[in-house]
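Remarks on the structure that follows.
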Amino acid sequence: MERQGTSPLLSVRALSHRFDYQLFEDLSFSLGKGESMAVIGKSGSGKSTLLHICSTLLPPRKGEVELFGRKVYSLPQRELLLIRRFHVGIVFQSHYLFKGFTAMENIEVAAIMAEREIDRRLLERFGILHVLDKKVSELSGGEQQRVSIARVLSKRPKIIFADEPTGNLDGQTAQEVMEVIFDYVRREAAALFLVTHDEELARSCKRLYRLEERRLIPLQ
Ligand SMILES: Nc1ncnc2c1ncn2[C@@H]1O[C@H](COP(=O)(O)OP(=O)(O)OP(=O)(O)O)[C@@H](O)[C@H]1O
Ligand SMILES: [Mg+2]
């Protein structure tokens, strides 16, 4: 069962992965309650791949990923799906909203699946109340991005994996959206794993790494 107390939410050991070339080798780190870490690095360095591996989506070539004290890639598929559904929030680099549905319907689906109530204050803070009844295809890129983040937080995950969550947003809106995410992490004692090209944004995380030459180099 899940371990309580001070054990990390995410713990990664000796992680290596390659596709056409070696992306990273022997990475180890952990992320505890209320903590945040950011990974920056050149395009193609493997940031999204690392995020997918840590967030239950892709088994690594080598190494181990533990979420909430459980080795995720040793679990039966059914249990892995339950962890993903109830406890893990993933904001994808290209967000996947259901295009034919409204913004609200998209959020509702996520909340229902995770058996959570929707927090309207959260939607208000993302500045999306006025677009809730619009079809996703009628929203601007930045509105879609905010809806997709609201949808992930509406699941009330224990850990959030966010891949370029503010890529489509202007500076001011990006900052506001990140404040909501950081607030959530503090309030719920959740954790945040952030991938971004925005170094200033990355510096708002407790820890910051650059993925370079197959290693995670600590910058703060
Ligand atoms: N499923 C896959 N199959 C084969 N190669 C892949 C796959 N996913 C990623 N790659 C390759 O792995 C490398 C790293 O990709 P990744 O998406 O992790 O980079 P990234 O650091 O997130 O880049 P960006 O900053 O552009 O988002 C790229 O060369 C990519 O083409
Ligand atoms: Mg990427």
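If you're wondering about the labels, chains in the structure tokens are A, B, ... by order shown, residues count from 1 in each chain, ligands from 1 in order shown.
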**Q.** Neighbourhood of ligand 2 at 10 Å, counting only C-alpha atoms and all ligand atoms, reported as JSON, numbers by chain
**A.** {"A": [40, 41, 42, 43, 44, 45, 46, 47, 48, 49, 50, 51, 52, 92, 93, 94, 163, 164, 195, 196, 197]}
Restricting it to C-alpha atoms, dump the selection as a compact mmCIF listing (two decimals), in the first residue's frame.
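This went into again-v5.txt:
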# COMPACT_ATOMS: atom_id res chain seq x y z
CA ILE A 40 15.10 22.93 -19.06
CA GLY A 41 17.29 21.96 -22.00
CA LYS A 42 17.63 22.10 -25.76
CA SER A 43 14.92 20.88 -28.07
CA GLY A 44 15.42 17.16 -28.58
CA SER A 45 17.40 16.66 -25.37
CA GLY A 46 14.69 14.34 -24.01
CA LYS A 47 12.70 16.50 -21.59
CA SER A 48 9.26 15.34 -22.75
CA THR A 49 10.47 11.75 -22.84
CA LEU A 50 11.66 12.05 -19.24
CA LEU A 51 8.30 13.52 -18.26
CA HIS A 52 6.44 10.68 -19.99
CA PHE A 92 0.84 17.71 -22.36
CA GLN A 93 3.03 19.84 -24.59
CA SER A 94 0.29 19.63 -27.18
CA ASP A 163 5.18 20.03 -20.32
CA GLU A 164 5.47 23.63 -21.53
CA VAL A 195 9.35 21.13 -18.32
CA THR A 196 9.82 24.49 -19.98
CA HIS A 197 12.01 26.58 -22.24
Q) What's the 9 Å shell around His95 (chain A), counting only C-alpha atoms, without same-chain residues fewer than 6 positions away, as a PyMOL selection string? A) chain A and resi 144-145+148-149+165
Emit the selected residues as a PDB file, in the first residue's frame, including N, CA and C atoms.
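Saved the output as out-v1.pdb:
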ATOM      1  N   GLN A 144      -7.434  27.401 -24.805  1.00  0.00           N
ATOM      2  CA  GLN A 144      -7.387  25.931 -24.785  1.00  0.00           C
ATOM      3  C   GLN A 144      -6.362  25.446 -23.770  1.00  0.00           C
ATOM      4  N   GLN A 145      -5.232  26.132 -23.732  1.00  0.00           N
ATOM      5  CA  GLN A 145      -4.195  25.722 -22.790  1.00  0.00           C
ATOM      6  C   GLN A 145      -4.672  25.875 -21.341  1.00  0.00           C
ATOM      7  N   SER A 148      -7.098  23.187 -20.529  1.00  0.00           N
ATOM      8  CA  SER A 148      -6.476  21.878 -20.324  1.00  0.00           C
ATOM      9  C   SER A 148      -5.776  21.812 -18.963  1.00  0.00           C
ATOM     10  N   ILE A 149      -5.252  22.935 -18.488  1.00  0.00           N
ATOM     11  CA  ILE A 149      -4.628  22.921 -17.154  1.00  0.00           C
ATOM     12  C   ILE A 149      -5.719  22.839 -16.082  1.00  0.00           C
ATOM     13  N   PRO A 165       3.571  24.194 -20.066  1.00  0.00           N
ATOM     14  CA  PRO A 165       2.151  24.525 -19.861  1.00  0.00           C
ATOM     15  C   PRO A 165       1.800  25.943 -20.275  1.00  0.00           C
TER      16      PRO A 165
END
Report the residues of region 83-183 of chain A whose backbone DSSP state falls under alpha helix (DSSP H), written as a PDB file with N, CA and C atoms, in the first residue's frame.
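Result file is result-v8.pdb:
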ATOM      1  N   ILE A  83      -3.729   4.472 -10.781  1.00  0.00           N
ATOM      2  CA  ILE A  83      -2.830   5.537 -10.287  1.00  0.00           C
ATOM      3  C   ILE A  83      -2.882   6.728 -11.239  1.00  0.00           C
ATOM      4  N   ARG A  84      -2.813   6.423 -12.542  1.00  0.00           N
ATOM      5  CA  ARG A  84      -2.837   7.504 -13.534  1.00  0.00           C
ATOM      6  C   ARG A  84      -4.162   8.266 -13.466  1.00  0.00           C
ATOM      7  N   ARG A  85      -5.235   7.517 -13.315  1.00  0.00           N
ATOM      8  CA  ARG A  85      -6.561   8.138 -13.351  1.00  0.00           C
ATOM      9  C   ARG A  85      -6.838   9.014 -12.131  1.00  0.00           C
ATOM     10  N   PHE A  86      -6.434   8.546 -10.954  1.00  0.00           N
ATOM     11  CA  PHE A  86      -6.810   9.249  -9.727  1.00  0.00           C
ATOM     12  C   PHE A  86      -5.745  10.193  -9.190  1.00  0.00           C
ATOM     13  N   HIS A  87      -4.484   9.902  -9.414  1.00  0.00           N
ATOM     14  CA  HIS A  87      -3.458  10.630  -8.661  1.00  0.00           C
ATOM     15  C   HIS A  87      -2.459  11.420  -9.488  1.00  0.00           C
ATOM     16  N   ALA A 103     -15.706  23.559 -23.475  1.00  0.00           N
ATOM     17  CA  ALA A 103     -14.649  23.625 -22.468  1.00  0.00           C
ATOM     18  C   ALA A 103     -15.120  22.954 -21.182  1.00  0.00           C
ATOM     19  N   MET A 104     -16.364  23.288 -20.759  1.00  0.00           N
ATOM     20  CA  MET A 104     -16.883  22.738 -19.506  1.00  0.00           C
ATOM     21  C   MET A 104     -17.019  21.222 -19.581  1.00  0.00           C
ATOM     22  N   GLU A 105     -17.484  20.723 -20.721  1.00  0.00           N
ATOM     23  CA  GLU A 105     -17.634  19.268 -20.861  1.00  0.00           C
ATOM     24  C   GLU A 105     -16.282  18.569 -20.732  1.00  0.00           C
ATOM     25  N   ASN A 106     -15.260  19.188 -21.298  1.00  0.00           N
ATOM     26  CA  ASN A 106     -13.920  18.617 -21.172  1.00  0.00           C
ATOM     27  C   ASN A 106     -13.487  18.526 -19.715  1.00  0.00           C
ATOM     28  N   ILE A 107     -13.778  19.578 -18.972  1.00  0.00           N
ATOM     29  CA  ILE A 107     -13.385  19.601 -17.553  1.00  0.00           C
ATOM     30  C   ILE A 107     -14.219  18.582 -16.779  1.00  0.00           C
ATOM     31  N   GLU A 108     -15.503  18.527 -17.111  1.00  0.00           N
ATOM     32  CA  GLU A 108     -16.401  17.592 -16.417  1.00  0.00           C
ATOM     33  C   GLU A 108     -15.960  16.136 -16.598  1.00  0.00           C
ATOM     34  N   VAL A 109     -15.562  15.798 -17.815  1.00  0.00           N
ATOM     35  CA  VAL A 109     -15.144  14.412 -18.064  1.00  0.00           C
ATOM     36  C   VAL A 109     -14.006  14.034 -17.121  1.00  0.00           C
ATOM     37  N   ALA A 110     -13.021  14.918 -17.005  1.00  0.00           N
ATOM     38  CA  ALA A 110     -11.863  14.624 -16.149  1.00  0.00           C
ATOM     39  C   ALA A 110     -12.288  14.502 -14.690  1.00  0.00           C
ATOM     40  N   ALA A 111     -13.155  15.419 -14.256  1.00  0.00           N
ATOM     41  CA  ALA A 111     -13.584  15.421 -12.852  1.00  0.00           C
ATOM     42  C   ALA A 111     -14.394  14.162 -12.534  1.00  0.00           C
ATOM     43  N   ILE A 112     -15.271  13.782 -13.456  1.00  0.00           N
ATOM     44  CA  ILE A 112     -16.104  12.590 -13.235  1.00  0.00           C
ATOM     45  C   ILE A 112     -15.223  11.343 -13.162  1.00  0.00           C
ATOM     46  N   MET A 113     -14.279  11.243 -14.106  1.00  0.00           N
ATOM     47  CA  MET A 113     -13.379  10.080 -14.123  1.00  0.00           C
ATOM     48  C   MET A 113     -12.614   9.955 -12.806  1.00  0.00           C
ATOM     49  N   ARG A 120     -15.158  25.789  -8.861  1.00  0.00           N
ATOM     50  CA  ARG A 120     -15.407  26.903  -9.787  1.00  0.00           C
ATOM     51  C   ARG A 120     -14.446  28.064  -9.569  1.00  0.00           C
ATOM     52  N   ARG A 121     -13.955  28.180  -8.322  1.00  0.00           N
ATOM     53  CA  ARG A 121     -12.975  29.259  -8.065  1.00  0.00           C
ATOM     54  C   ARG A 121     -11.723  29.063  -8.909  1.00  0.00           C
ATOM     55  N   LEU A 122     -11.380  27.798  -9.086  1.00  0.00           N
ATOM     56  CA  LEU A 122     -10.213  27.474  -9.903  1.00  0.00           C
ATOM     57  C   LEU A 122     -10.429  27.951 -11.342  1.00  0.00           C
ATOM     58  N   LEU A 123     -11.629  27.686 -11.864  1.00  0.00           N
ATOM     59  CA  LEU A 123     -11.936  28.088 -13.242  1.00  0.00           C
ATOM     60  C   LEU A 123     -11.910  29.610 -13.350  1.00  0.00           C
ATOM     61  N   GLU A 124     -12.396  30.248 -12.289  1.00  0.00           N
ATOM     62  CA  GLU A 124     -12.393  31.713 -12.263  1.00  0.00           C
ATOM     63  C   GLU A 124     -10.962  32.238 -12.287  1.00  0.00           C
ATOM     64  N   ARG A 125     -10.108  31.604 -11.494  1.00  0.00           N
ATOM     65  CA  ARG A 125      -8.717  32.064 -11.419  1.00  0.00           C
ATOM     66  C   ARG A 125      -7.974  31.845 -12.724  1.00  0.00           C
ATOM     67  N   GLY A 141      -5.726  29.550 -28.750  1.00  0.00           N
ATOM     68  CA  GLY A 141      -4.728  28.592 -28.272  1.00  0.00           C
ATOM     69  C   GLY A 141      -4.491  28.734 -26.771  1.00  0.00           C
ATOM     70  N   GLY A 142      -4.392  29.980 -26.315  1.00  0.00           N
ATOM     71  CA  GLY A 142      -4.141  30.219 -24.890  1.00  0.00           C
ATOM     72  C   GLY A 142      -5.316  29.804 -24.019  1.00  0.00           C
ATOM     73  N   GLU A 143      -6.541  30.025 -24.544  1.00  0.00           N
ATOM     74  CA  GLU A 143      -7.737  29.587 -23.800  1.00  0.00           C
ATOM     75  C   GLU A 143      -7.765  28.060 -23.696  1.00  0.00           C
ATOM     76  N   GLN A 144      -7.434  27.401 -24.805  1.00  0.00           N
ATOM     77  CA  GLN A 144      -7.387  25.931 -24.785  1.00  0.00           C
ATOM     78  C   GLN A 144      -6.362  25.446 -23.770  1.00  0.00           C
ATOM     79  N   GLN A 145      -5.232  26.132 -23.732  1.00  0.00           N
ATOM     80  CA  GLN A 145      -4.195  25.722 -22.790  1.00  0.00           C
ATOM     81  C   GLN A 145      -4.672  25.875 -21.341  1.00  0.00           C
ATOM     82  N   ARG A 146      -5.361  26.984 -21.064  1.00  0.00           N
ATOM     83  CA  ARG A 146      -5.856  27.191 -19.701  1.00  0.00           C
ATOM     84  C   ARG A 146      -6.935  26.177 -19.343  1.00  0.00           C
ATOM     85  N   VAL A 147      -7.803  25.866 -20.329  1.00  0.00           N
ATOM     86  CA  VAL A 147      -8.831  24.840 -20.074  1.00  0.00           C
ATOM     87  C   VAL A 147      -8.153  23.502 -19.779  1.00  0.00           C
ATOM     88  N   SER A 148      -7.098  23.187 -20.529  1.00  0.00           N
ATOM     89  CA  SER A 148      -6.476  21.878 -20.324  1.00  0.00           C
ATOM     90  C   SER A 148      -5.776  21.812 -18.963  1.00  0.00           C
ATOM     91  N   ILE A 149      -5.252  22.935 -18.488  1.00  0.00           N
ATOM     92  CA  ILE A 149      -4.628  22.921 -17.154  1.00  0.00           C
ATOM     93  C   ILE A 149      -5.719  22.839 -16.082  1.00  0.00           C
ATOM     94  N   ALA A 150      -6.813  23.574 -16.290  1.00  0.00           N
ATOM     95  CA  ALA A 150      -7.927  23.536 -15.332  1.00  0.00           C
ATOM     96  C   ALA A 150      -8.479  22.114 -15.234  1.00  0.00           C
ATOM     97  N   ARG A 151      -8.526  21.458 -16.376  1.00  0.00           N
ATOM     98  CA  ARG A 151      -9.044  20.101 -16.416  1.00  0.00           C
ATOM     99  C   ARG A 151      -8.150  19.156 -15.610  1.00  0.00           C
ATOM    100  N   VAL A 152      -6.854  19.339 -15.726  1.00  0.00           N
ATOM    101  CA  VAL A 152      -5.919  18.490 -14.977  1.00  0.00           C
ATOM    102  C   VAL A 152      -6.035  18.765 -13.474  1.00  0.00           C
ATOM    103  N   LEU A 153      -6.107  20.043 -13.091  1.00  0.00           N
ATOM    104  CA  LEU A 153      -6.203  20.353 -11.650  1.00  0.00           C
ATOM    105  C   LEU A 153      -7.547  19.916 -11.078  1.00  0.00           C
ATOM    106  N   SER A 154      -8.575  19.881 -11.910  1.00  0.00           N
ATOM    107  CA  SER A 154      -9.898  19.456 -11.441  1.00  0.00           C
ATOM    108  C   SER A 154      -9.908  17.994 -11.011  1.00  0.00           C
ATOM    109  N   GLY A 171       3.095  36.750 -21.360  1.00  0.00           N
ATOM    110  CA  GLY A 171       3.844  36.759 -20.098  1.00  0.00           C
ATOM    111  C   GLY A 171       2.973  36.900 -18.866  1.00  0.00           C
ATOM    112  N   GLN A 172       2.045  37.871 -18.920  1.00  0.00           N
ATOM    113  CA  GLN A 172       1.181  38.141 -17.764  1.00  0.00           C
ATOM    114  C   GLN A 172       0.282  36.941 -17.446  1.00  0.00           C
ATOM    115  N   THR A 173      -0.378  36.404 -18.498  1.00  0.00           N
ATOM    116  CA  THR A 173      -1.280  35.255 -18.287  1.00  0.00           C
ATOM    117  C   THR A 173      -0.483  34.036 -17.833  1.00  0.00           C
ATOM    118  N   ALA A 174       0.702  33.848 -18.406  1.00  0.00           N
ATOM    119  CA  ALA A 174       1.552  32.716 -18.014  1.00  0.00           C
ATOM    120  C   ALA A 174       1.843  32.781 -16.521  1.00  0.00           C
ATOM    121  N   GLN A 175       2.173  33.969 -16.057  1.00  0.00           N
ATOM    122  CA  GLN A 175       2.495  34.133 -14.642  1.00  0.00           C
ATOM    123  C   GLN A 175       1.287  33.815 -13.763  1.00  0.00           C
ATOM    124  N   GLU A 176       0.114  34.314 -14.191  1.00  0.00           N
ATOM    125  CA  GLU A 176      -1.106  34.066 -13.411  1.00  0.00           C
ATOM    126  C   GLU A 176      -1.425  32.573 -13.340  1.00  0.00           C
ATOM    127  N   VAL A 177      -1.295  31.914 -14.497  1.00  0.00           N
ATOM    128  CA  VAL A 177      -1.585  30.478 -14.545  1.00  0.00           C
ATOM    129  C   VAL A 177      -0.614  29.701 -13.650  1.00  0.00           C
ATOM    130  N   MET A 178       0.657  30.089 -13.710  1.00  0.00           N
ATOM    131  CA  MET A 178       1.638  29.372 -12.880  1.00  0.00           C
ATOM    132  C   MET A 178       1.380  29.617 -11.403  1.00  0.00           C
ATOM    133  N   GLU A 179       0.920  30.827 -11.062  1.00  0.00           N
ATOM    134  CA  GLU A 179       0.601  31.087  -9.653  1.00  0.00           C
ATOM    135  C   GLU A 179      -0.498  30.148  -9.156  1.00  0.00           C
ATOM    136  N   VAL A 180      -1.490  29.918 -10.008  1.00  0.00           N
ATOM    137  CA  VAL A 180      -2.572  29.003  -9.615  1.00  0.00           C
ATOM    138  C   VAL A 180      -1.994  27.599  -9.388  1.00  0.00           C
ATOM    139  N   ILE A 181      -1.096  27.188 -10.275  1.00  0.00           N
ATOM    140  CA  ILE A 181      -0.500  25.854 -10.134  1.00  0.00           C
ATOM    141  C   ILE A 181       0.352  25.773  -8.861  1.00  0.00           C
ATOM    142  N   PHE A 182       1.171  26.778  -8.627  1.00  0.00           N
ATOM    143  CA  PHE A 182       2.015  26.761  -7.417  1.00  0.00           C
ATOM    144  C   PHE A 182       1.160  26.797  -6.145  1.00  0.00           C
ATOM    145  N   ASP A 183       0.096  27.566  -6.170  1.00  0.00           N
ATOM    146  CA  ASP A 183      -0.843  27.613  -5.037  1.00  0.00           C
ATOM    147  C   ASP A 183      -1.420  26.241  -4.761  1.00  0.00           C
TER     148      ASP A 183
END
Q: Select from region 59-218 of chain A everything DSSP, run on the backbone, classes as strand (DSSP E), then give the selection as a PyMOL selection string.
A: chain A and resi 62-67+70-71+88-91+159-163+191-195+207-212+215-218
Writer output for current selection, C-alpha atoms, as a PDB file, in the first residue's frame:
ATOM      1  CA  LYS A  62      16.652   0.991 -17.689  1.00  0.00           C
ATOM      2  CA  GLY A  63      15.967   2.134 -14.161  1.00  0.00           C
ATOM      3  CA  GLU A  64      13.023   2.482 -11.868  1.00  0.00           C
ATOM      4  CA  VAL A  65      10.184   4.941 -11.306  1.00  0.00           C
ATOM      5  CA  GLU A  66       8.305   4.969  -8.024  1.00  0.00           C
ATOM      6  CA  LEU A  67       5.151   6.992  -7.534  1.00  0.00           C
ATOM      7  CA  ARG A  70       5.099   1.972  -5.724  1.00  0.00           C
ATOM      8  CA  LYS A  71       7.232   0.832  -8.633  1.00  0.00           C
ATOM      9  CA  VAL A  88      -1.422  11.820 -11.631  1.00  0.00           C
ATOM     10  CA  GLY A  89      -2.131  15.024 -13.560  1.00  0.00           C
ATOM     11  CA  ILE A  90      -0.436  15.425 -16.914  1.00  0.00           C
ATOM     12  CA  VAL A  91      -0.409  18.658 -18.904  1.00  0.00           C
ATOM     13  CA  ILE A 159       1.501  15.138  -8.580  1.00  0.00           C
ATOM     14  CA  ILE A 160       1.390  17.324 -11.668  1.00  0.00           C
ATOM     15  CA  PHE A 161       3.562  16.784 -14.719  1.00  0.00           C
ATOM     16  CA  ALA A 162       3.457  19.857 -16.925  1.00  0.00           C
ATOM     17  CA  ASP A 163       5.177  20.025 -20.317  1.00  0.00           C
ATOM     18  CA  ALA A 191       4.295  18.028  -6.288  1.00  0.00           C
ATOM     19  CA  LEU A 192       5.112  19.654  -9.616  1.00  0.00           C
ATOM     20  CA  PHE A 193       7.432  18.398 -12.337  1.00  0.00           C
ATOM     21  CA  LEU A 194       7.724  21.188 -14.905  1.00  0.00           C
ATOM     22  CA  VAL A 195       9.353  21.132 -18.323  1.00  0.00           C
ATOM     23  CA  ARG A 207      14.823  22.908  -7.894  1.00  0.00           C
ATOM     24  CA  LEU A 208      16.004  23.525 -11.424  1.00  0.00           C
ATOM     25  CA  TYR A 209      17.968  21.240 -13.733  1.00  0.00           C
ATOM     26  CA  ARG A 210      19.290  21.423 -17.251  1.00  0.00           C
ATOM     27  CA  LEU A 211      19.133  18.217 -19.264  1.00  0.00           C
ATOM     28  CA  GLU A 212      22.415  18.286 -21.138  1.00  0.00           C
ATOM     29  CA  ARG A 215      22.663  14.240 -17.440  1.00  0.00           C
ATOM     30  CA  LEU A 216      20.549  16.455 -15.229  1.00  0.00           C
ATOM     31  CA  ILE A 217      22.770  19.343 -14.198  1.00  0.00           C
ATOM     32  CA  PRO A 218      21.484  21.114 -11.053  1.00  0.00           C
TER      33      PRO A 218
END
Q | Minimum-distance residue to ligand 1, chosen among A:Leu9, A:Leu23, A:Ala202, A:Leu15 (using only C-alpha atoms and all ligand atoms) | A |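 Closest to ligand 1, using only C-alpha atoms and all ligand atoms: A:Leu23.
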Q) Between A:Ser204, A:Thr102, A:Thr6, A:Thr56, which one has atoms that come closest to Val136 (chain A), using only C-alpha atoms? A) A:Thr102
